[in-house]
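Written below as structure tokens is the structure these notes are about.
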Amino acid sequence: MELKRLNKAISETGYCSRRAADKLIEAGLVLINGQSVELGQKVTPEDEITVEGNVITKTVKNIYMVFNKPVGVTCTTETDVKGNIISYMNYPERIFPIGRLDKPSEGLIFMTNDGDIVNKILRAGNNHEKEYVVSVDRRITPQFIKKMSQGVPILDTVTKPCKVTQINDFTFNIILTQGLNRQIRRMCAYLDYEVGSLKRIRIMNMKLGTLKRGKYRHFTKSEFLELSELIADSSKTEEASR
């Protein structure tokens with residue numbers, strides 16, 4: 001029977017990170033089959049894990065989905081927030097988004113119940129590509145494309161060099177390997193442009209394709225295998241984000 005470290009088993013349910021799980025264990029807020037536990041303890045799939053009074057043992061298979069988030073939907077699991085992504089999707093199992101796509105933006109976001117995969121995908125140090133199509137309020141110039149590509153000073157740093165391609169007078173394509181807060185909007189604002197629409201069309205090998213706005217689909221087997229290969233060597237520690 002498979003044995004797994006307790007903090008890993010907790011993180012895989014999406015309840016919290018391994019580090020946070022260790023703190024909960026140390027605080028005596030975790031029980032296995034109703035009994036107190038200690039750091040480093042291992043569990044089996046049959047064990048009942050209780051955290052802060054909630055039974056969190058994962059009883060469903062891993063879920064990996066692509067969702068085409070509409071404008072106005074908020075990427076939060078807090079269901080008391082109006083327009084939250086969980087209530088909007090109304091999926092029968094407990095799921096959560098991997099990363100964020102701000103409320104005024106639309107497009108591809110991953111939804112899962114596998115907490116173990118989250119940090120591998122999110123860590124900026126792993127250089128995973130995210131692709132967007134963006135429209136702005138003024139005519140795009142070669143200087144704008146050049147500056148966006150080379151890096152823009154925002155949030156007390158300079159954005160990493162990225163690939164920016166003009167589509168038409170007011171629209172461009174941008175591929176990022178980092179995920180600063182509202183990064184594209186801030187980059188455009190620094191150059192005196194305002195974003196009109198922003199749509200994410202790809203994360204690594206996963207493309208939005210023809211998936212309709214507000215709809216979701218499960219990963220195909222081949223997509224999941226390819227994604228797994230891409231993140232196989234990704235760090236899941238905070239060192240990768242430094």
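Lettering and numbering for the structure tokens are positional, with chains as A, B, ... in the shown order, residues counted from 1 in each chain, and ligands counted from 1 in the shown order.
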
Determine which residues of range 30-186 of chain A DSSP labels as strand (DSSP E) from the backbone of this structure, then write them out as an MDAnalysis selection string. chainID A and resid 30:32 35:36 42:43 49:51 54:55 64:69 96:98 106:112 130:136 153:154 157:158 163:168 171:176

As a PyMOL selection string, please: the residues near range 67-82 of chain A (cut-off 10 Å, only C-alpha atoms, same-chain neighbours under 4 positions excluded). chain A and resi 86-89+94-111+197-201+208-218

With distances taken over only C-alpha atoms, the candidate from A:Asp233, A:Glu26, A:Asp116, A:Asp169 nearest Glu12 in chain A is A:Asp116

Do you know which residues are at most 12 Å from range 146-159 of chain A counting only C-alpha atoms, after dropping those on the same chain fewer than 2 positions away, and could you put them as a count of residues only? 34

Calculated over only C-alpha atoms, which of the candidates A:Gly53, A:Gly28, A:Gly34, A:Pro45 has the smallest distance to Thr13 in chain A? A:Pro45

As a check of understanding: the span from CA of Gly40 in chain A to CA of Lys8 in chain A is 9.8 Å

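The gap separating CA of Glu131 in chain A from CA of Gly196 in chain A is 16.8 Å, in Å to one decimal.
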
Can you list, as an MDAnalysis selection string, all residues belonging to range 62-192 of chain A that DSSP tags as helix (DSSP H, G or I)? chainID A and resid 85:89 115:122 124:126 142:150 183:190

Only N, CA, C and O atoms, please: the residues just picked out, written as a short mmCIF file (atom, residue, chain, number, x, y, z; two decimals), in the first residue's frame.
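Final output, part-v7.cif:
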```
data_model
loop_
_atom_site.label_atom_id
_atom_site.label_comp_id
_atom_site.auth_asym_id
_atom_site.auth_seq_id
_atom_site.Cartn_x
_atom_site.Cartn_y
_atom_site.Cartn_z
N ILE A 85 -15.14 32.28 -9.72
CA ILE A 85 -14.98 31.26 -10.75
C ILE A 85 -15.60 29.92 -10.37
O ILE A 85 -16.10 29.18 -11.23
N ILE A 86 -15.61 29.60 -9.08
CA ILE A 86 -16.16 28.32 -8.62
C ILE A 86 -17.68 28.26 -8.83
O ILE A 86 -18.21 27.29 -9.38
N SER A 87 -18.34 29.32 -8.41
CA SER A 87 -19.80 29.35 -8.59
C SER A 87 -20.17 29.42 -10.07
O SER A 87 -21.15 28.83 -10.51
N TYR A 88 -19.37 30.16 -10.85
CA TYR A 88 -19.66 30.30 -12.27
C TYR A 88 -19.59 28.93 -12.97
O TYR A 88 -20.49 28.58 -13.75
N MET A 89 -18.53 28.16 -12.68
CA MET A 89 -18.38 26.86 -13.34
C MET A 89 -19.36 25.83 -12.80
O MET A 89 -19.81 24.95 -13.54
N GLY A 115 -3.28 19.76 -5.87
CA GLY A 115 -2.44 20.82 -5.32
C GLY A 115 -0.96 20.63 -5.60
O GLY A 115 -0.18 21.58 -5.58
N ASP A 116 -0.55 19.40 -5.88
CA ASP A 116 0.87 19.13 -6.08
C ASP A 116 1.41 19.70 -7.39
O ASP A 116 2.59 19.98 -7.52
N ILE A 117 0.52 19.88 -8.37
CA ILE A 117 0.97 20.36 -9.67
C ILE A 117 1.05 21.88 -9.74
O ILE A 117 1.72 22.45 -10.60
N VAL A 118 0.39 22.53 -8.79
CA VAL A 118 0.22 23.98 -8.87
C VAL A 118 1.54 24.74 -8.88
O VAL A 118 1.81 25.54 -9.79
N ASN A 119 2.38 24.51 -7.88
CA ASN A 119 3.62 25.29 -7.79
C ASN A 119 4.56 25.02 -8.94
O ASN A 119 5.30 25.92 -9.37
N LYS A 120 4.56 23.80 -9.47
CA LYS A 120 5.41 23.49 -10.61
C LYS A 120 5.08 24.39 -11.80
O LYS A 120 5.96 24.84 -12.52
N ILE A 121 3.81 24.65 -12.00
CA ILE A 121 3.37 25.46 -13.13
C ILE A 121 3.57 26.95 -12.85
O ILE A 121 3.96 27.72 -13.72
N LEU A 122 3.35 27.35 -11.59
CA LEU A 122 3.33 28.77 -11.28
C LEU A 122 4.70 29.42 -11.13
O LEU A 122 4.85 30.61 -11.37
N ALA A 124 7.81 31.29 -11.42
CA ALA A 124 8.35 32.09 -12.53
C ALA A 124 9.72 31.59 -12.96
O ALA A 124 10.09 31.69 -14.14
N GLY A 125 10.48 31.05 -12.03
CA GLY A 125 11.83 30.57 -12.35
C GLY A 125 11.85 29.41 -13.30
O GLY A 125 12.88 29.03 -13.83
N ASN A 126 10.69 28.81 -13.55
CA ASN A 126 10.63 27.66 -14.46
C ASN A 126 10.48 28.07 -15.92
O ASN A 126 10.49 27.24 -16.80
N PRO A 142 6.56 50.88 -33.73
CA PRO A 142 7.73 49.99 -33.59
C PRO A 142 8.43 50.22 -32.25
O PRO A 142 8.96 49.27 -31.66
N GLN A 143 8.43 51.45 -31.77
CA GLN A 143 9.08 51.76 -30.49
C GLN A 143 8.36 51.05 -29.34
O GLN A 143 9.00 50.54 -28.41
N PHE A 144 7.04 51.01 -29.41
CA PHE A 144 6.25 50.33 -28.39
C PHE A 144 6.60 48.84 -28.36
O PHE A 144 6.85 48.27 -27.30
N ILE A 145 6.63 48.22 -29.53
CA ILE A 145 6.96 46.79 -29.63
C ILE A 145 8.36 46.53 -29.08
O ILE A 145 8.58 45.58 -28.31
N LYS A 146 9.29 47.39 -29.42
CA LYS A 146 10.68 47.22 -28.98
C LYS A 146 10.79 47.34 -27.47
O LYS A 146 11.44 46.51 -26.82
N LYS A 147 10.17 48.36 -26.90
CA LYS A 147 10.27 48.57 -25.45
C LYS A 147 9.57 47.45 -24.68
O LYS A 147 10.08 46.98 -23.65
N MET A 148 8.41 47.04 -25.15
CA MET A 148 7.71 45.94 -24.49
C MET A 148 8.55 44.66 -24.53
O MET A 148 8.59 43.90 -23.56
N SER A 149 9.24 44.44 -25.65
CA SER A 149 10.05 43.23 -25.82
C SER A 149 11.27 43.23 -24.92
O SER A 149 11.66 42.18 -24.38
N GLN A 150 11.88 44.39 -24.77
CA GLN A 150 13.15 44.48 -24.05
C GLN A 150 12.98 44.50 -22.54
O GLN A 150 13.89 44.10 -21.81
N GLN A 183 0.64 42.35 -15.05
CA GLN A 183 1.89 42.72 -15.72
C GLN A 183 1.69 43.43 -17.05
O GLN A 183 2.28 44.49 -17.29
N ILE A 184 0.90 42.86 -17.93
CA ILE A 184 0.75 43.45 -19.26
C ILE A 184 0.08 44.81 -19.17
O ILE A 184 0.50 45.77 -19.84
N ARG A 185 -0.92 44.93 -18.34
CA ARG A 185 -1.60 46.23 -18.17
C ARG A 185 -0.64 47.28 -17.63
O ARG A 185 -0.65 48.44 -18.06
N ARG A 186 0.19 46.90 -16.68
CA ARG A 186 1.16 47.85 -16.11
C ARG A 186 2.23 48.23 -17.13
O ARG A 186 2.66 49.38 -17.19
N MET A 187 2.68 47.24 -17.92
CA MET A 187 3.69 47.52 -18.95
C MET A 187 3.14 48.53 -19.96
O MET A 187 3.81 49.49 -20.33
N CYS A 188 1.90 48.29 -20.40
CA CYS A 188 1.29 49.20 -21.37
C CYS A 188 1.10 50.59 -20.76
O CYS A 188 1.37 51.61 -21.42
N ALA A 189 0.64 50.64 -19.52
CA ALA A 189 0.40 51.93 -18.87
C ALA A 189 1.69 52.73 -18.76
O ALA A 189 1.69 53.96 -18.93
N TYR A 190 2.81 52.06 -18.49
CA TYR A 190 4.10 52.75 -18.39
C TYR A 190 4.44 53.44 -19.71
O TYR A 190 5.07 54.51 -19.73
#
```
